[in-house]
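All remarks here apply to the structure that follows.
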Amino acid sequence: MPDSTSTSPNGWAPSGRCAIFVCDIVAFGGQGRHDRIQRHLREALYDRLSHSFDHCGVPFADCYQEDRGDGAMIVPPPDTDTTVLVSPLVDELRAELRRHNEVSSDVAKIRLRVSLHTGEIEADGRGIVGTTVNHAFRLLDAPRFKEALNHSADDIGLIVSADFYETVIRPGKGRADPDDYVPMEVLNKETRTTAWIRKPMRAVRAAAVVAPETKTKVPDAPPTATVGRAQDPARIGADRVSAQDLFQVVDRLVAVPFMATQEGRDLVVGSLRPEVAVRIPRRSQANLDTYAILRTCLDFHGALGELLTTVKAFAGESEQIHALEETIDRLVARGE
């Protein structure tokens, strides 16, 4: 098990501008995770990290490492291609976690938060210090980032700093795809910044519901499945829906607390089919942004049902959700 040291296993210490990878295990000290389980989690984490780094051509033994109890801070060698940290590293680590979780009990499963940043670093003989390190951990611990991962079924959540996004992801180098990321405002202690999170690949599945017309259980499955007339509706077309009806649905959507927030709408859009999501002209104001999301979904077969089920998956059952379903049912009936 790596100890906290001021050098990498092969003897070098980071200095100057470096990329930094930090991670921690979600709910490491949660209920049922006694000392023996925590030791197992730490061993499993380092096994997964070591395999993932090695597999991506960045030998883990060549990286500077600091153990953080429930996670780790890793600085790859200075000549490392930084794009590798986004892909394939994070994708490889996701696969490693999936394989681990498939054969683990609930208390031994690992979900991981990962933060990537670049900046100036120096070693002081006891470890590495500087605002770069502080910033990476502020992103990792950002409440909105934690909430976003809680609303996802992914085994790993990734947040990157604005600097990392602009220098590594936005240019689309290597396998990095800027369309996979959405901005998120981070407010954590003294840190106030915009970071970018990788869109969740899987939303939390909505609770099973009973369709009022069929009284049959709608299975956990594709995000196009929902209830009533809104179940996989054909393309309605925004031009076939009155402005009054559109605004009523918008009001119902914004009434859902999750949709009233920018990060909530970002997660919903990120969970829609790519061909739908990329055509939404996003806006900063909640009503305008929601209107743009709704109008775009109306022009794609099944996208309205996908939107409803995605919102339900993130927000859960509530009076606002039931009102939204009823309003969409009426909208679909008028558009048929």
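Letters for chains follow the order of the structure tokens (A, B, ...), residue numbers begin at 1 for each chain, and ligand numbers begin at 1 in the order shown.
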- Write out as a list in words each polymer residue whose atoms come within 10 Å of A:Phe247, counting only C-alpha atoms; drop sequence neighbours fewer than 3 positions from it. Ser242, Ala243, Gln244, Val250, Asp251, Arg252, Leu253, Asn287, Thr290, Tyr291 and Leu294 of chain A
How would the residues just chosen look if you wrote them out with C-alpha atoms as an mmCIF file, in the first residue's frame?
```
data_model
loop_
_atom_site.group_PDB
_atom_site.id
_atom_site.type_symbol
_atom_site.label_atom_id
_atom_site.label_comp_id
_atom_site.auth_asym_id
_atom_site.auth_seq_id
_atom_site.Cartn_x
_atom_site.Cartn_y
_atom_site.Cartn_z
ATOM 1 C CA SER A 242 -49.834 25.838 -29.361
ATOM 2 C CA ALA A 243 -47.634 28.301 -27.525
ATOM 3 C CA GLN A 244 -50.011 28.123 -24.566
ATOM 4 C CA VAL A 250 -42.429 24.481 -19.372
ATOM 5 C CA ASP A 251 -44.025 25.755 -16.169
ATOM 6 C CA ARG A 252 -44.586 22.176 -15.002
ATOM 7 C CA LEU A 253 -40.989 21.243 -15.769
ATOM 8 C CA ASN A 287 -37.602 29.089 -18.358
ATOM 9 C CA THR A 290 -36.389 24.483 -20.424
ATOM 10 C CA TYR A 291 -38.409 25.831 -23.357
ATOM 11 C CA LEU A 294 -38.873 20.851 -24.706
#
```
- Query: Between A:Val90, A:Thr309, A:Leu267, A:Ile280, which is the closest to A:Thr296 once you count only C-alpha atoms?
  - Reply: A:Ile280
- Using only C-alpha atoms, determine which residues lie at most 6 Å from stretch 153-163 of chain A, disregarding the query and same-chain residues fewer than 2 positions distant; provide the list as number ranges by chain. A: 111-117, 149, 165-166, 195-198, 202-204
If you keep C-alpha atoms, can you produce a file of those selected residues as a CSV table (one decimal), in the first residue's frame?
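Dumped to out-v7.csv:
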```csv
chain,number,residue,atom,x,y,z
A,111,ARG,CA,-17.9,4.3,-6.6
A,112,LEU,CA,-15.3,6.9,-7.3
A,113,ARG,CA,-15.1,10.7,-7.7
A,114,VAL,CA,-12.2,11.9,-9.9
A,115,SER,CA,-10.9,15.4,-10.4
A,116,LEU,CA,-8.3,16.5,-13.0
A,117,HIS,CA,-6.4,19.8,-12.9
A,149,LEU,CA,-23.0,11.6,-9.0
A,165,TYR,CA,-11.0,21.7,-20.0
A,166,GLU,CA,-9.6,24.6,-22.1
A,195,ALA,CA,-15.7,23.4,-13.8
A,196,TRP,CA,-16.8,20.8,-16.2
A,197,ILE,CA,-18.3,17.4,-15.5
A,198,ARG,CA,-18.4,14.5,-17.8
A,202,ARG,CA,-26.4,6.1,-16.8
A,203,ALA,CA,-29.2,7.9,-14.9
A,204,VAL,CA,-30.6,6.3,-11.7
```
- Can you tell me how far atom CA of A:Gly16 sits from atom CA of A:Gly119, in Å to one decimal?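 Going from atom CA of A:Gly16 over to atom CA of A:Gly119 covers 7.7 Å.
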- Task: Assign secondary structure with DSSP using the backbone only, and return the residues of stretch 31-224 of chain A in alpha helix (DSSP H) as a VMD selection string.
- Result: chain A and resid 35 to 55 83 to 86 89 to 102 131 to 140 143 to 150 162 to 164
- Between atom CA of A:Arg98 and atom CA of A:Val26, distance in Å (one decimal): 14.7 Å
- Message: Would you compute the distance between atom CA of A:Glu306 and atom CA of A:Arg265? Give it in Å to one decimal.
- Response: 13.9 Å
- Output as a PyMOL selection string all residues of stretch 73-120 of chain A that backbone DSSP marks as strand (DSSP E or B). chain A and resi 73-75+112-120
Keeping only all heavy atoms, write those residues as a PDB file, in the first residue's frame.
```pdb
ATOM      1  N   MET A  73      -3.909  10.899  -4.435  1.00  0.00           N
ATOM      2  CA  MET A  73      -3.485  11.981  -5.320  1.00  0.00           C
ATOM      3  C   MET A  73      -2.318  11.465  -6.146  1.00  0.00           C
ATOM      4  O   MET A  73      -1.344  10.935  -5.599  1.00  0.00           O
ATOM      5  CB  MET A  73      -3.068  13.214  -4.518  1.00  0.00           C
ATOM      6  CG  MET A  73      -2.526  14.330  -5.382  1.00  0.00           C
ATOM      7  SD  MET A  73      -2.316  15.885  -4.469  1.00  0.00           S
ATOM      8  CE  MET A  73      -1.180  15.393  -3.177  1.00  0.00           C
ATOM      9  N   ILE A  74      -2.410  11.597  -7.445  1.00  0.00           N
ATOM     10  CA  ILE A  74      -1.421  11.020  -8.354  1.00  0.00           C
ATOM     11  C   ILE A  74      -0.985  12.079  -9.355  1.00  0.00           C
ATOM     12  O   ILE A  74      -1.817  12.765  -9.954  1.00  0.00           O
ATOM     13  CB  ILE A  74      -2.017   9.800  -9.097  1.00  0.00           C
ATOM     14  CG1 ILE A  74      -2.456   8.734  -8.089  1.00  0.00           C
ATOM     15  CG2 ILE A  74      -1.005   9.221 -10.076  1.00  0.00           C
ATOM     16  CD1 ILE A  74      -3.386   7.699  -8.672  1.00  0.00           C
ATOM     17  N   VAL A  75       0.328  12.204  -9.533  1.00  0.00           N
ATOM     18  CA  VAL A  75       0.884  13.111 -10.538  1.00  0.00           C
ATOM     19  C   VAL A  75       1.704  12.264 -11.505  1.00  0.00           C
ATOM     20  O   VAL A  75       2.694  11.647 -11.104  1.00  0.00           O
ATOM     21  CB  VAL A  75       1.774  14.196  -9.905  1.00  0.00           C
ATOM     22  CG1 VAL A  75       2.328  15.125 -10.985  1.00  0.00           C
ATOM     23  CG2 VAL A  75       0.995  14.997  -8.871  1.00  0.00           C
ATOM     24  N   LEU A 112     -16.467   6.053  -7.397  1.00  0.00           N
ATOM     25  CA  LEU A 112     -15.308   6.922  -7.289  1.00  0.00           C
ATOM     26  C   LEU A 112     -15.593   8.294  -7.880  1.00  0.00           C
ATOM     27  O   LEU A 112     -16.212   8.419  -8.933  1.00  0.00           O
ATOM     28  CB  LEU A 112     -14.148   6.276  -8.060  1.00  0.00           C
ATOM     29  CG  LEU A 112     -12.716   6.578  -7.623  1.00  0.00           C
ATOM     30  CD1 LEU A 112     -12.484   6.123  -6.197  1.00  0.00           C
ATOM     31  CD2 LEU A 112     -11.739   5.902  -8.573  1.00  0.00           C
ATOM     32  N   ARG A 113     -15.148   9.321  -7.162  1.00  0.00           N
ATOM     33  CA  ARG A 113     -15.120  10.676  -7.704  1.00  0.00           C
ATOM     34  C   ARG A 113     -13.691  10.975  -8.145  1.00  0.00           C
ATOM     35  O   ARG A 113     -12.737  10.686  -7.422  1.00  0.00           O
ATOM     36  CB  ARG A 113     -15.565  11.713  -6.673  1.00  0.00           C
ATOM     37  CG  ARG A 113     -17.043  11.705  -6.370  1.00  0.00           C
ATOM     38  CD  ARG A 113     -17.452  12.953  -5.571  1.00  0.00           C
ATOM     39  NE  ARG A 113     -16.706  13.056  -4.325  1.00  0.00           N
ATOM     40  CZ  ARG A 113     -17.096  12.497  -3.180  1.00  0.00           C
ATOM     41  NH1 ARG A 113     -18.221  11.792  -3.142  1.00  0.00           N
ATOM     42  NH2 ARG A 113     -16.386  12.639  -2.074  1.00  0.00           N
ATOM     43  N   VAL A 114     -13.551  11.570  -9.323  1.00  0.00           N
ATOM     44  CA  VAL A 114     -12.227  11.886  -9.862  1.00  0.00           C
ATOM     45  C   VAL A 114     -12.196  13.347 -10.284  1.00  0.00           C
ATOM     46  O   VAL A 114     -13.147  13.859 -10.888  1.00  0.00           O
ATOM     47  CB  VAL A 114     -11.893  10.984 -11.076  1.00  0.00           C
ATOM     48  CG1 VAL A 114     -10.591  11.431 -11.741  1.00  0.00           C
ATOM     49  CG2 VAL A 114     -11.797   9.530 -10.661  1.00  0.00           C
ATOM     50  N   SER A 115     -11.091  14.012  -9.962  1.00  0.00           N
ATOM     51  CA  SER A 115     -10.875  15.405 -10.358  1.00  0.00           C
ATOM     52  C   SER A 115      -9.559  15.500 -11.114  1.00  0.00           C
ATOM     53  O   SER A 115      -8.557  14.889 -10.711  1.00  0.00           O
ATOM     54  CB  SER A 115     -10.840  16.308  -9.120  1.00  0.00           C
ATOM     55  OG  SER A 115     -10.369  17.607  -9.446  1.00  0.00           O
ATOM     56  N   LEU A 116      -9.556  16.259 -12.215  1.00  0.00           N
ATOM     57  CA  LEU A 116      -8.348  16.491 -13.006  1.00  0.00           C
ATOM     58  C   LEU A 116      -8.076  17.990 -13.090  1.00  0.00           C
ATOM     59  O   LEU A 116      -8.987  18.787 -13.330  1.00  0.00           O
ATOM     60  CB  LEU A 116      -8.501  15.917 -14.416  1.00  0.00           C
ATOM     61  CG  LEU A 116      -8.605  14.396 -14.542  1.00  0.00           C
ATOM     62  CD1 LEU A 116      -8.922  14.005 -15.978  1.00  0.00           C
ATOM     63  CD2 LEU A 116      -7.318  13.717 -14.081  1.00  0.00           C
ATOM     64  N   HIS A 117      -6.817  18.364 -12.917  1.00  0.00           N
ATOM     65  CA  HIS A 117      -6.447  19.780 -12.949  1.00  0.00           C
ATOM     66  C   HIS A 117      -5.001  19.885 -13.419  1.00  0.00           C
ATOM     67  O   HIS A 117      -4.239  18.903 -13.361  1.00  0.00           O
ATOM     68  CB  HIS A 117      -6.615  20.388 -11.552  1.00  0.00           C
ATOM     69  CG  HIS A 117      -6.344  21.857 -11.462  1.00  0.00           C
ATOM     70  ND1 HIS A 117      -6.656  22.743 -12.481  1.00  0.00           N
ATOM     71  CD2 HIS A 117      -5.778  22.612 -10.467  1.00  0.00           C
ATOM     72  CE1 HIS A 117      -6.316  23.973 -12.116  1.00  0.00           C
ATOM     73  NE2 HIS A 117      -5.778  23.907 -10.908  1.00  0.00           N
ATOM     74  N   THR A 118      -4.615  21.038 -13.910  1.00  0.00           N
ATOM     75  CA  THR A 118      -3.228  21.309 -14.264  1.00  0.00           C
ATOM     76  C   THR A 118      -2.815  22.631 -13.646  1.00  0.00           C
ATOM     77  O   THR A 118      -3.627  23.556 -13.540  1.00  0.00           O
ATOM     78  CB  THR A 118      -3.041  21.387 -15.795  1.00  0.00           C
ATOM     79  OG1 THR A 118      -3.964  22.337 -16.340  1.00  0.00           O
ATOM     80  CG2 THR A 118      -3.257  20.040 -16.451  1.00  0.00           C
ATOM     81  N   GLY A 119      -1.562  22.714 -13.227  1.00  0.00           N
ATOM     82  CA  GLY A 119      -1.084  23.953 -12.636  1.00  0.00           C
ATOM     83  C   GLY A 119       0.285  23.789 -12.011  1.00  0.00           C
ATOM     84  O   GLY A 119       0.914  22.729 -12.109  1.00  0.00           O
ATOM     85  N   GLU A 120       0.733  24.834 -11.346  1.00  0.00           N
ATOM     86  CA  GLU A 120       2.053  24.828 -10.713  1.00  0.00           C
ATOM     87  C   GLU A 120       2.031  24.032  -9.404  1.00  0.00           C
ATOM     88  O   GLU A 120       1.124  24.186  -8.591  1.00  0.00           O
ATOM     89  CB  GLU A 120       2.502  26.255 -10.429  1.00  0.00           C
ATOM     90  CG  GLU A 120       2.709  27.095 -11.683  1.00  0.00           C
ATOM     91  CD  GLU A 120       3.872  26.594 -12.532  1.00  0.00           C
ATOM     92  OE1 GLU A 120       4.917  26.206 -11.941  1.00  0.00           O
ATOM     93  OE2 GLU A 120       3.748  26.588 -13.765  1.00  0.00           O
TER      94      GLU A 120
END
```
- May I have the residues within 12 Å of stretch 274-279 of chain A as JSON, numbers by chain, using only C-alpha atoms and disregarding those fewer than 6 positions away in the same chain? {"A": [178, 179, 180, 181, 182, 199, 201, 265, 266, 267, 268, 292, 293, 294, 295, 296, 297, 298, 299, 300, 301, 302, 303, 304, 306, 307]}
- Message: Ranking A:Gly29, A:Pro14, A:Pro281, A:Gly316 by minimum distance to A:Ile128 and counting only C-alpha atoms, which one comes first?
- Response: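 So, comparing all the options, the nearest one is A:Pro14.
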Using only C-alpha atoms, which residues sit within 10 Å of A:Glu92 once same-chain residues fewer than 4 positions away are excluded, as an mmCIF file with C-alpha atoms, in the first residue's frame?
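File produced: result29.cif:
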```cif
data_model
loop_
_atom_site.group_PDB
_atom_site.id
_atom_site.type_symbol
_atom_site.label_atom_id
_atom_site.label_comp_id
_atom_site.auth_asym_id
_atom_site.auth_seq_id
_atom_site.Cartn_x
_atom_site.Cartn_y
_atom_site.Cartn_z
ATOM 1 C CA ARG A 48 -7.706 -0.802 -9.939
ATOM 2 C CA LEU A 49 -5.631 2.388 -10.227
ATOM 3 C CA HIS A 51 -3.958 -1.681 -13.553
ATOM 4 C CA SER A 52 -5.661 1.273 -15.244
ATOM 5 C CA PHE A 53 -2.569 3.485 -15.345
ATOM 6 C CA HIS A 55 -2.847 -0.410 -19.202
ATOM 7 C CA CYS A 56 -2.919 3.141 -20.588
ATOM 8 C CA VAL A 86 -9.226 11.664 -19.780
ATOM 9 C CA SER A 87 -9.373 8.780 -22.186
ATOM 10 C CA PRO A 88 -8.536 5.962 -22.086
ATOM 11 C CA GLU A 96 -12.162 -1.895 -13.656
ATOM 12 C CA LEU A 97 -14.709 -0.650 -11.125
ATOM 13 C CA ARG A 98 -17.548 -2.336 -12.976
#
```
- Task: Select, from A:Ala323, A:Pro200, A:Arg144, A:Thr191, the residue with the minimum atom-to-atom distance to A:Val256, counting only C-alpha atoms.
- Result: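 Using only C-alpha atoms, the shortest distance to A:Val256 belongs to A:Ala323.
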